[in-house]
Amino acid sequence: GQQLNQSPQSMFIQEGEDVSMNCTSSSIFNTWLWYKQDPGEGPVLLIALYKAGELTSNGRLTAQFGITRKDSFLNISASIPSDVGIYFCAGDLYGQNFVFGPGTRLSVLP
Amino acid sequence: EAGVTQFPSHSVIEKGQTVTLRCDPISGHDNLYWYRRVMGKEIKFLLHFVKESKQDESGMPNNRFLAERTGGTYSTLKVQPAELEDSGVYFCASSLTGRNTEAFFGQGTRLTVV
């Protein structure tokens, strides 16, 4: 079946630094979604991408839909402590179901 | 507008017992999904309802899991009998119909089988 890989698996950064993480797939998708999960909560949608090459921002977050439709990246600028959490990418091809990556665990050091 | 709600938030049961999880999707969302995250691994798809019909149940691990969505509103996921490896967080998500739609998640039900 379809699988997504996310890198890095985890990262420790200093407050104020920029963060970059990506998601790759062996197959193409029509939709890429980025979610953040806080402990004890469900994933919360951050950004949705629907078109190859699309670049979308949400505050300090920027995500891009790769031109090959097999990858996506998420950037966080000027990280703050509340950015801590697990970031999941998810891909969807036909609006049937979403395939999730294993997540990138972000820790922000003061 | 209420988001996706799940009940209970936590459940601890003994091996061999039965547990039923409930999900109330966002009103008007025809698509309802169940996912599971086990032992800190990735979130895995279980099944997808479109209204009351099972569109895709390829992710259901075995026949101990039964999902229903009577009337196309809320959904239940029953595990009977529960095994230790069923422990994890069960998420429900819902979305509108169409290709360019996002799935919104509930807070999850943490199931612990002891």
# chains A, B, ... in the order shown; residues from 1 in each chain; ligands from 1

call {"tool": "interface_residues", "arguments": {"of": "chain B", "to": "chain A", "cutoff": "9 Å", "atoms": "only C-alpha atoms", "output": "list in words"}}
result
Asn31, Tyr33, Gly40, Lys41, Glu42, Ile43, Lys44, Phe45, Leu47, His48, Gln55, Asp56, Phe91, Cys92, Thr97, Gly98, Arg99, Asn100, Thr101, Glu102, Ala103, Phe104, Phe105, Gly106, Gln107, Gly108 and Arg110 of chain B

call {"tool": "residues_around", "arguments": {"residues": "segment 69-79 of chain B", "least_positions_apart": "3", "cutoff": "7 Å", "atoms": "only C-alpha atoms", "output": "list of chain:residue names"}}
result
B:Thr18, B:Val19, B:Thr20, B:Leu21, B:Arg22, B:Cys23, B:Asp24, B:Pro25, B:Lys51, B:Glu52, B:Arg64, B:Phe65, B:Leu66, B:Ala82

call {"tool": "select_by_dssp", "arguments": {"residues": "chain A", "states": "strand (DSSP E or B)", "output": "short mmCIF file (atom, residue, chain, number, x, y, z; two decimals) with all heavy atoms, in the first residue's frame"}}
result
data_model
loop_
_atom_site.label_atom_id
_atom_site.label_comp_id
_atom_site.auth_asym_id
_atom_site.auth_seq_id
_atom_site.Cartn_x
_atom_site.Cartn_y
_atom_site.Cartn_z
N LEU A 4 4.04 6.87 3.46
CA LEU A 4 4.68 8.17 3.51
C LEU A 4 5.85 8.12 4.46
O LEU A 4 5.78 7.46 5.50
CB LEU A 4 3.69 9.24 3.97
CG LEU A 4 2.48 9.52 3.10
CD1 LEU A 4 1.66 10.65 3.69
CD2 LEU A 4 2.91 9.86 1.70
N ASN A 5 6.89 8.81 4.10
CA ASN A 5 8.06 8.94 4.97
C ASN A 5 8.20 10.40 5.36
O ASN A 5 8.05 11.30 4.53
CB ASN A 5 9.32 8.47 4.25
CG ASN A 5 9.23 7.00 3.90
OD1 ASN A 5 9.01 6.16 4.76
ND2 ASN A 5 9.39 6.69 2.63
N GLN A 6 8.50 10.62 6.62
CA GLN A 6 8.73 11.97 7.08
C GLN A 6 10.13 12.09 7.64
O GLN A 6 10.63 11.18 8.31
CB GLN A 6 7.73 12.37 8.18
CG GLN A 6 6.35 12.67 7.66
CD GLN A 6 5.43 13.24 8.72
OE1 GLN A 6 4.48 12.60 9.13
NE2 GLN A 6 5.71 14.47 9.15
N SER A 7 10.76 13.22 7.37
CA SER A 7 12.06 13.47 7.95
C SER A 7 12.18 14.93 8.36
O SER A 7 11.58 15.81 7.72
CB SER A 7 13.18 13.11 6.97
OG SER A 7 13.13 13.96 5.85
N SER A 10 12.72 13.33 14.45
CA SER A 10 12.60 14.24 15.58
C SER A 10 13.65 15.33 15.43
O SER A 10 14.66 15.14 14.73
CB SER A 10 12.78 13.50 16.91
OG SER A 10 14.06 12.93 16.98
N MET A 11 13.39 16.45 16.07
CA MET A 11 14.35 17.54 16.00
C MET A 11 14.24 18.40 17.24
O MET A 11 13.15 18.61 17.79
CB MET A 11 14.17 18.36 14.73
CG MET A 11 12.80 18.89 14.47
SD MET A 11 12.54 19.46 12.77
CE MET A 11 13.99 20.42 12.43
N PHE A 12 15.40 18.88 17.67
CA PHE A 12 15.50 19.79 18.80
C PHE A 12 16.05 21.10 18.27
O PHE A 12 17.11 21.13 17.66
CB PHE A 12 16.45 19.24 19.87
CG PHE A 12 15.93 18.00 20.54
CD1 PHE A 12 16.10 16.76 19.94
CD2 PHE A 12 15.29 18.08 21.76
CE1 PHE A 12 15.62 15.62 20.56
CE2 PHE A 12 14.82 16.94 22.38
CZ PHE A 12 14.98 15.70 21.78
N ILE A 13 15.32 22.17 18.50
CA ILE A 13 15.79 23.46 18.00
C ILE A 13 15.68 24.49 19.11
O ILE A 13 14.99 24.29 20.11
CB ILE A 13 14.95 23.93 16.79
CG1 ILE A 13 13.47 24.09 17.18
CG2 ILE A 13 15.09 22.98 15.62
CD1 ILE A 13 12.67 24.81 16.16
N GLN A 14 16.40 25.60 18.91
CA GLN A 14 16.34 26.71 19.84
C GLN A 14 15.16 27.60 19.47
O GLN A 14 14.82 27.77 18.29
CB GLN A 14 17.62 27.54 19.77
CG GLN A 14 18.88 26.84 20.27
CD GLN A 14 18.86 26.65 21.77
OE1 GLN A 14 19.19 25.59 22.27
NE2 GLN A 14 18.49 27.69 22.49
N VAL A 19 12.36 26.09 11.19
CA VAL A 19 12.26 24.64 11.13
C VAL A 19 11.83 24.22 9.74
O VAL A 19 10.97 24.88 9.13
CB VAL A 19 11.20 24.13 12.14
CG1 VAL A 19 10.98 22.63 12.00
CG2 VAL A 19 11.61 24.48 13.56
N SER A 20 12.41 23.15 9.27
CA SER A 20 11.98 22.61 7.98
C SER A 20 11.84 21.10 8.08
O SER A 20 12.73 20.43 8.60
CB SER A 20 13.00 22.97 6.90
OG SER A 20 12.54 22.52 5.64
N MET A 21 10.74 20.58 7.62
CA MET A 21 10.51 19.14 7.63
C MET A 21 9.84 18.75 6.31
O MET A 21 9.19 19.59 5.69
CB MET A 21 9.65 18.72 8.82
CG MET A 21 8.28 19.34 8.87
SD MET A 21 7.39 18.98 10.42
CE MET A 21 8.16 20.15 11.54
N ASN A 22 10.03 17.48 5.93
CA ASN A 22 9.40 17.11 4.67
C ASN A 22 8.77 15.73 4.72
O ASN A 22 8.95 14.98 5.68
CB ASN A 22 10.38 17.23 3.50
CG ASN A 22 11.51 16.23 3.61
OD1 ASN A 22 11.32 15.08 3.96
ND2 ASN A 22 12.70 16.67 3.29
N CYS A 23 8.04 15.47 3.69
CA CYS A 23 7.24 14.26 3.59
C CYS A 23 7.37 13.75 2.16
O CYS A 23 7.20 14.52 1.21
CB CYS A 23 5.78 14.61 3.91
SG CYS A 23 4.68 13.22 4.02
N THR A 24 7.68 12.47 2.02
CA THR A 24 7.83 11.91 0.67
C THR A 24 7.00 10.65 0.54
O THR A 24 6.75 9.94 1.51
CB THR A 24 9.30 11.59 0.36
OG1 THR A 24 9.79 10.66 1.34
CG2 THR A 24 10.15 12.83 0.38
N SER A 25 6.62 10.38 -0.68
CA SER A 25 5.78 9.24 -0.98
C SER A 25 6.30 8.50 -2.20
O SER A 25 6.93 9.09 -3.07
CB SER A 25 4.34 9.71 -1.24
OG SER A 25 3.56 8.67 -1.77
N THR A 31 -3.88 15.58 -2.88
CA THR A 31 -4.03 16.47 -1.73
C THR A 31 -2.95 16.16 -0.73
O THR A 31 -2.67 14.98 -0.46
CB THR A 31 -5.41 16.27 -1.06
OG1 THR A 31 -6.45 16.54 -2.00
CG2 THR A 31 -5.57 17.18 0.15
N TRP A 32 -2.36 17.20 -0.19
CA TRP A 32 -1.42 17.04 0.93
C TRP A 32 -1.96 17.87 2.09
O TRP A 32 -2.37 19.02 1.91
CB TRP A 32 -0.03 17.55 0.58
CG TRP A 32 0.78 16.66 -0.29
CD1 TRP A 32 0.93 16.75 -1.64
CD2 TRP A 32 1.57 15.54 0.12
NE1 TRP A 32 1.75 15.76 -2.09
CE2 TRP A 32 2.17 14.99 -1.03
CE3 TRP A 32 1.83 14.94 1.35
CZ2 TRP A 32 3.01 13.88 -1.00
CZ3 TRP A 32 2.67 13.83 1.39
CH2 TRP A 32 3.25 13.32 0.24
N LEU A 33 -1.95 17.26 3.27
CA LEU A 33 -2.38 17.96 4.47
C LEU A 33 -1.28 17.89 5.51
O LEU A 33 -0.58 16.88 5.61
CB LEU A 33 -3.66 17.31 5.03
CG LEU A 33 -4.84 17.16 4.08
CD1 LEU A 33 -5.96 16.38 4.77
CD2 LEU A 33 -5.34 18.51 3.63
N TRP A 34 -1.16 18.95 6.28
CA TRP A 34 -0.23 18.94 7.41
C TRP A 34 -1.02 19.15 8.69
O TRP A 34 -1.84 20.07 8.78
CB TRP A 34 0.82 20.04 7.26
CG TRP A 34 1.89 19.69 6.27
CD1 TRP A 34 1.92 20.00 4.95
CD2 TRP A 34 3.08 18.95 6.54
NE1 TRP A 34 3.05 19.49 4.37
CE2 TRP A 34 3.79 18.83 5.32
CE3 TRP A 34 3.63 18.36 7.68
CZ2 TRP A 34 5.01 18.17 5.21
CZ3 TRP A 34 4.83 17.69 7.58
CH2 TRP A 34 5.52 17.60 6.36
N TYR A 35 -0.77 18.27 9.66
CA TYR A 35 -1.44 18.32 10.95
C TYR A 35 -0.41 18.45 12.07
O TYR A 35 0.72 18.00 11.94
CB TYR A 35 -2.23 17.03 11.21
CG TYR A 35 -3.47 16.84 10.36
CD1 TYR A 35 -3.38 16.23 9.11
CD2 TYR A 35 -4.71 17.24 10.83
CE1 TYR A 35 -4.52 16.04 8.35
CE2 TYR A 35 -5.85 17.04 10.07
CZ TYR A 35 -5.74 16.45 8.83
OH TYR A 35 -6.88 16.25 8.08
N LYS A 36 -0.87 19.01 13.18
CA LYS A 36 -0.06 19.03 14.39
C LYS A 36 -0.85 18.37 15.50
O LYS A 36 -2.05 18.63 15.66
CB LYS A 36 0.29 20.46 14.80
CG LYS A 36 1.17 20.53 16.04
CD LYS A 36 1.27 21.94 16.58
CE LYS A 36 2.07 21.90 17.89
NZ LYS A 36 1.74 23.02 18.75
N GLN A 37 -0.17 17.51 16.25
CA GLN A 37 -0.82 16.86 17.38
C GLN A 37 -0.13 17.23 18.67
O GLN A 37 1.09 17.04 18.82
CB GLN A 37 -0.83 15.34 17.22
CG GLN A 37 -1.62 14.64 18.30
CD GLN A 37 -1.59 13.15 18.18
OE1 GLN A 37 -0.85 12.58 17.40
NE2 GLN A 37 -2.41 12.48 18.96
N VAL A 44 -4.64 18.41 14.60
CA VAL A 44 -5.30 19.64 14.18
C VAL A 44 -4.74 20.05 12.83
O VAL A 44 -3.51 20.11 12.65
CB VAL A 44 -5.07 20.76 15.22
CG1 VAL A 44 -5.63 22.08 14.70
CG2 VAL A 44 -5.73 20.40 16.54
N LEU A 45 -5.62 20.32 11.90
CA LEU A 45 -5.19 20.69 10.56
C LEU A 45 -4.48 22.04 10.56
O LEU A 45 -4.98 23.02 11.11
CB LEU A 45 -6.39 20.74 9.62
CG LEU A 45 -6.08 21.05 8.16
CD1 LEU A 45 -5.29 19.92 7.52
CD2 LEU A 45 -7.37 21.30 7.39
N LEU A 46 -3.29 22.07 9.93
CA LEU A 46 -2.52 23.31 9.83
C LEU A 46 -2.69 23.93 8.44
O LEU A 46 -3.01 25.10 8.29
CB LEU A 46 -1.04 23.03 10.09
CG LEU A 46 -0.68 22.47 11.45
CD1 LEU A 46 0.81 22.12 11.49
CD2 LEU A 46 -1.02 23.45 12.56
N ILE A 47 -2.38 23.13 7.45
CA ILE A 47 -2.39 23.63 6.07
C ILE A 47 -2.87 22.51 5.15
O ILE A 47 -2.49 21.35 5.33
CB ILE A 47 -0.99 24.10 5.64
CG1 ILE A 47 -0.58 25.35 6.42
CG2 ILE A 47 -0.94 24.39 4.14
CD1 ILE A 47 0.81 25.89 6.05
N ALA A 48 -3.65 22.87 4.14
CA ALA A 48 -4.10 21.93 3.10
C ALA A 48 -3.60 22.42 1.75
O ALA A 48 -3.66 23.61 1.45
CB ALA A 48 -5.62 21.83 3.10
N LEU A 49 -3.11 21.49 0.95
CA LEU A 49 -2.55 21.80 -0.37
C LEU A 49 -3.25 20.93 -1.40
O LEU A 49 -3.39 19.72 -1.21
CB LEU A 49 -1.05 21.51 -0.40
CG LEU A 49 -0.21 22.25 0.65
CD1 LEU A 49 1.12 21.54 0.85
CD2 LEU A 49 0.02 23.69 0.21
N LEU A 55 2.09 26.80 -3.00
CA LEU A 55 2.79 27.24 -1.79
C LEU A 55 1.77 28.01 -0.96
O LEU A 55 1.19 28.98 -1.44
CB LEU A 55 3.96 28.14 -2.17
CG LEU A 55 4.87 28.62 -1.02
CD1 LEU A 55 5.72 27.46 -0.51
CD2 LEU A 55 5.77 29.75 -1.50
N THR A 56 1.55 27.55 0.26
CA THR A 56 0.52 28.15 1.10
C THR A 56 1.07 28.48 2.47
O THR A 56 1.83 27.70 3.04
CB THR A 56 -0.67 27.18 1.25
OG1 THR A 56 -1.25 26.95 -0.03
CG2 THR A 56 -1.75 27.76 2.16
N SER A 57 0.69 29.63 2.99
CA SER A 57 1.14 30.04 4.32
C SER A 57 -0.02 30.17 5.27
O SER A 57 -1.15 30.48 4.87
CB SER A 57 1.87 31.39 4.23
OG SER A 57 3.09 31.25 3.51
N ASN A 58 0.29 29.93 6.54
CA ASN A 58 -0.67 30.09 7.62
C ASN A 58 0.10 30.66 8.79
O ASN A 58 0.69 29.92 9.59
CB ASN A 58 -1.31 28.75 7.97
CG ASN A 58 -2.28 28.86 9.14
OD1 ASN A 58 -2.58 29.96 9.60
ND2 ASN A 58 -2.76 27.73 9.62
N LEU A 61 3.73 29.46 9.43
CA LEU A 61 3.87 28.18 8.73
C LEU A 61 3.74 28.36 7.23
O LEU A 61 2.88 29.11 6.76
CB LEU A 61 2.79 27.21 9.20
CG LEU A 61 3.02 26.43 10.50
CD1 LEU A 61 3.17 27.33 11.69
CD2 LEU A 61 1.87 25.46 10.72
N THR A 62 4.59 27.67 6.50
CA THR A 62 4.51 27.65 5.05
C THR A 62 4.67 26.22 4.59
O THR A 62 5.56 25.50 5.07
CB THR A 62 5.63 28.52 4.42
OG1 THR A 62 5.51 29.85 4.89
CG2 THR A 62 5.51 28.51 2.90
N ALA A 63 3.81 25.79 3.68
CA ALA A 63 3.91 24.44 3.15
C ALA A 63 3.83 24.48 1.64
O ALA A 63 3.21 25.38 1.06
CB ALA A 63 2.79 23.56 3.72
N GLN A 64 4.48 23.52 1.01
CA GLN A 64 4.45 23.44 -0.44
C GLN A 64 4.12 22.04 -0.90
O GLN A 64 4.56 21.05 -0.31
CB GLN A 64 5.78 23.86 -1.06
CG GLN A 64 5.75 23.88 -2.59
CD GLN A 64 6.80 24.77 -3.21
OE1 GLN A 64 7.87 24.97 -2.65
NE2 GLN A 64 6.51 25.30 -4.38
N PHE A 65 3.34 21.97 -1.96
CA PHE A 65 2.98 20.73 -2.64
C PHE A 65 4.03 20.52 -3.72
O PHE A 65 4.14 21.31 -4.64
CB PHE A 65 1.59 20.94 -3.26
CG PHE A 65 0.90 19.71 -3.76
CD1 PHE A 65 -0.46 19.55 -3.53
CD2 PHE A 65 1.56 18.73 -4.48
CE1 PHE A 65 -1.14 18.44 -4.01
CE2 PHE A 65 0.91 17.62 -4.95
CZ PHE A 65 -0.46 17.48 -4.72
N ASP A 71 5.82 14.68 -2.95
CA ASP A 71 6.41 15.19 -1.72
C ASP A 71 5.81 16.54 -1.33
O ASP A 71 5.15 17.21 -2.13
CB ASP A 71 7.93 15.29 -1.84
CG ASP A 71 8.38 16.22 -2.95
OD1 ASP A 71 7.51 16.70 -3.72
OD2 ASP A 71 9.59 16.48 -3.06
N SER A 72 6.06 16.88 -0.08
CA SER A 72 5.60 18.16 0.44
C SER A 72 6.54 18.55 1.56
O SER A 72 7.13 17.69 2.22
CB SER A 72 4.17 18.03 0.96
OG SER A 72 3.73 19.25 1.55
N PHE A 73 6.68 19.84 1.80
CA PHE A 73 7.47 20.27 2.95
C PHE A 73 6.69 21.29 3.77
O PHE A 73 5.78 21.95 3.27
CB PHE A 73 8.84 20.79 2.54
CG PHE A 73 8.83 22.15 1.88
CD1 PHE A 73 8.63 23.31 2.62
CD2 PHE A 73 9.03 22.28 0.52
CE1 PHE A 73 8.62 24.56 2.02
CE2 PHE A 73 9.02 23.53 -0.09
CZ PHE A 73 8.82 24.67 0.66
N LEU A 74 7.09 21.37 5.02
CA LEU A 74 6.50 22.34 5.94
C LEU A 74 7.63 23.11 6.60
O LEU A 74 8.57 22.52 7.12
CB LEU A 74 5.67 21.63 7.01
CG LEU A 74 5.09 22.52 8.11
CD1 LEU A 74 3.98 23.41 7.56
CD2 LEU A 74 4.54 21.68 9.27
N ASN A 75 7.55 24.42 6.57
CA ASN A 75 8.50 25.29 7.25
C ASN A 75 7.80 26.05 8.35
O ASN A 75 6.66 26.51 8.17
CB ASN A 75 9.13 26.29 6.27
CG ASN A 75 10.16 25.64 5.38
OD1 ASN A 75 10.59 24.52 5.61
ND2 ASN A 75 10.54 26.34 4.32
N ILE A 76 8.48 26.19 9.47
CA ILE A 76 8.00 27.01 10.57
C ILE A 76 9.06 28.07 10.81
O ILE A 76 10.23 27.75 11.04
CB ILE A 76 7.78 26.20 11.85
CG1 ILE A 76 6.84 25.02 11.59
CG2 ILE A 76 7.21 27.10 12.96
CD1 ILE A 76 6.71 24.08 12.78
N GLY A 85 5.43 19.63 19.47
CA GLY A 85 4.38 18.65 19.18
C GLY A 85 4.84 17.71 18.09
O GLY A 85 6.01 17.71 17.70
N ILE A 86 3.91 16.92 17.61
CA ILE A 86 4.20 16.01 16.51
C ILE A 86 3.50 16.52 15.26
O ILE A 86 2.30 16.79 15.29
CB ILE A 86 3.74 14.58 16.83
CG1 ILE A 86 4.39 14.09 18.12
CG2 ILE A 86 4.09 13.64 15.68
CD1 ILE A 86 3.89 12.73 18.56
N TYR A 87 4.25 16.62 14.19
CA TYR A 87 3.70 17.12 12.94
C TYR A 87 3.54 15.94 11.98
O TYR A 87 4.49 15.22 11.70
CB TYR A 87 4.64 18.17 12.35
CG TYR A 87 4.64 19.45 13.16
CD1 TYR A 87 5.38 19.53 14.34
CD2 TYR A 87 3.88 20.55 12.77
CE1 TYR A 87 5.35 20.68 15.11
CE2 TYR A 87 3.86 21.71 13.54
CZ TYR A 87 4.59 21.77 14.71
OH TYR A 87 4.57 22.91 15.47
N PHE A 88 2.33 15.77 11.52
CA PHE A 88 2.02 14.68 10.59
C PHE A 88 1.69 15.25 9.22
O PHE A 88 0.94 16.22 9.11
CB PHE A 88 0.81 13.88 11.06
CG PHE A 88 1.03 13.07 12.30
CD1 PHE A 88 0.62 13.55 13.53
CD2 PHE A 88 1.65 11.83 12.24
CE1 PHE A 88 0.81 12.81 14.68
CE2 PHE A 88 1.83 11.08 13.37
CZ PHE A 88 1.42 11.57 14.61
N CYS A 89 2.19 14.59 8.19
CA CYS A 89 1.71 14.88 6.86
C CYS A 89 0.72 13.79 6.49
O CYS A 89 0.77 12.68 7.02
CB CYS A 89 2.85 14.92 5.84
SG CYS A 89 3.74 13.36 5.64
N ALA A 90 -0.18 14.11 5.61
CA ALA A 90 -1.16 13.14 5.13
C ALA A 90 -1.41 13.40 3.66
O ALA A 90 -1.48 14.55 3.23
CB ALA A 90 -2.46 13.23 5.92
N GLY A 91 -1.55 12.34 2.90
CA GLY A 91 -1.81 12.46 1.48
C GLY A 91 -3.09 11.75 1.11
O GLY A 91 -3.48 10.77 1.75
N ASP A 92 -3.72 12.27 0.09
CA ASP A 92 -4.95 11.65 -0.39
C ASP A 92 -4.96 11.73 -1.90
O ASP A 92 -4.55 12.72 -2.49
CB ASP A 92 -6.17 12.38 0.18
CG ASP A 92 -7.45 11.88 -0.41
OD1 ASP A 92 -7.73 10.67 -0.29
OD2 ASP A 92 -8.18 12.68 -1.03
N VAL A 99 -3.63 8.89 3.88
CA VAL A 99 -2.50 8.10 4.35
C VAL A 99 -1.59 9.03 5.14
O VAL A 99 -1.25 10.12 4.65
CB VAL A 99 -1.73 7.48 3.17
CG1 VAL A 99 -0.52 6.71 3.67
CG2 VAL A 99 -2.65 6.59 2.35
N PHE A 100 -1.23 8.61 6.34
CA PHE A 100 -0.43 9.45 7.20
C PHE A 100 1.03 9.03 7.23
O PHE A 100 1.36 7.84 7.15
CB PHE A 100 -0.97 9.41 8.63
CG PHE A 100 -2.16 10.30 8.83
CD1 PHE A 100 -3.41 9.89 8.43
CD2 PHE A 100 -2.01 11.55 9.41
CE1 PHE A 100 -4.51 10.72 8.60
CE2 PHE A 100 -3.10 12.38 9.59
CZ PHE A 100 -4.35 11.96 9.18
N THR A 104 6.86 13.90 12.63
CA THR A 104 8.12 14.52 13.05
C THR A 104 7.87 15.14 14.41
O THR A 104 6.98 15.98 14.57
CB THR A 104 8.57 15.62 12.06
OG1 THR A 104 8.96 15.02 10.83
CG2 THR A 104 9.74 16.40 12.63
N ARG A 105 8.64 14.71 15.39
CA ARG A 105 8.48 15.23 16.76
C ARG A 105 9.39 16.44 16.93
O ARG A 105 10.61 16.34 16.79
CB ARG A 105 8.82 14.16 17.79
CG ARG A 105 8.56 14.58 19.22
CD ARG A 105 8.90 13.44 20.18
NE ARG A 105 8.03 12.28 19.98
CZ ARG A 105 6.87 12.11 20.58
NH1 ARG A 105 6.41 13.03 21.40
NH2 ARG A 105 6.16 11.02 20.34
N LEU A 106 8.78 17.58 17.22
CA LEU A 106 9.53 18.82 17.36
C LEU A 106 9.62 19.23 18.83
O LEU A 106 8.62 19.28 19.53
CB LEU A 106 8.85 19.94 16.56
CG LEU A 106 9.47 21.33 16.66
CD1 LEU A 106 10.88 21.33 16.07
CD2 LEU A 106 8.60 22.37 15.95
N SER A 107 10.84 19.49 19.26
CA SER A 107 11.08 20.02 20.60
C SER A 107 11.74 21.38 20.46
O SER A 107 12.69 21.53 19.67
CB SER A 107 11.97 19.08 21.41
OG SER A 107 11.37 17.81 21.54
N VAL A 108 11.28 22.36 21.22
CA VAL A 108 11.83 23.70 21.16
C VAL A 108 12.47 24.02 22.50
O VAL A 108 11.81 23.99 23.55
CB VAL A 108 10.73 24.74 20.84
CG1 VAL A 108 11.33 26.14 20.80
CG2 VAL A 108 10.07 24.41 19.51
N LEU A 109 13.74 24.32 22.47
CA LEU A 109 14.50 24.63 23.68
C LEU A 109 14.49 26.14 23.91
O LEU A 109 14.68 26.90 22.98
CB LEU A 109 15.93 24.13 23.55
CG LEU A 109 16.06 22.64 23.19
CD1 LEU A 109 17.52 22.29 22.92
CD2 LEU A 109 15.48 21.79 24.29
#

call {"tool": "atom_distance", "arguments": {"atom1": "atom CA of Gln6 of chain B", "atom2": "atom CA of Ser94 of chain B"}}
result
11.6 Å

call {"tool": "select_by_dssp", "arguments": {"residues": "chain B", "states": "helix (DSSP H, G or I)", "output": "ChimeraX atom specification"}}
result
/B:70-72,84-86

call {"tool": "atom_distance", "arguments": {"atom1": "atom CA of Thr112 of chain B", "atom2": "atom CA of Ser11 of chain B"}}
result
6.2 Å
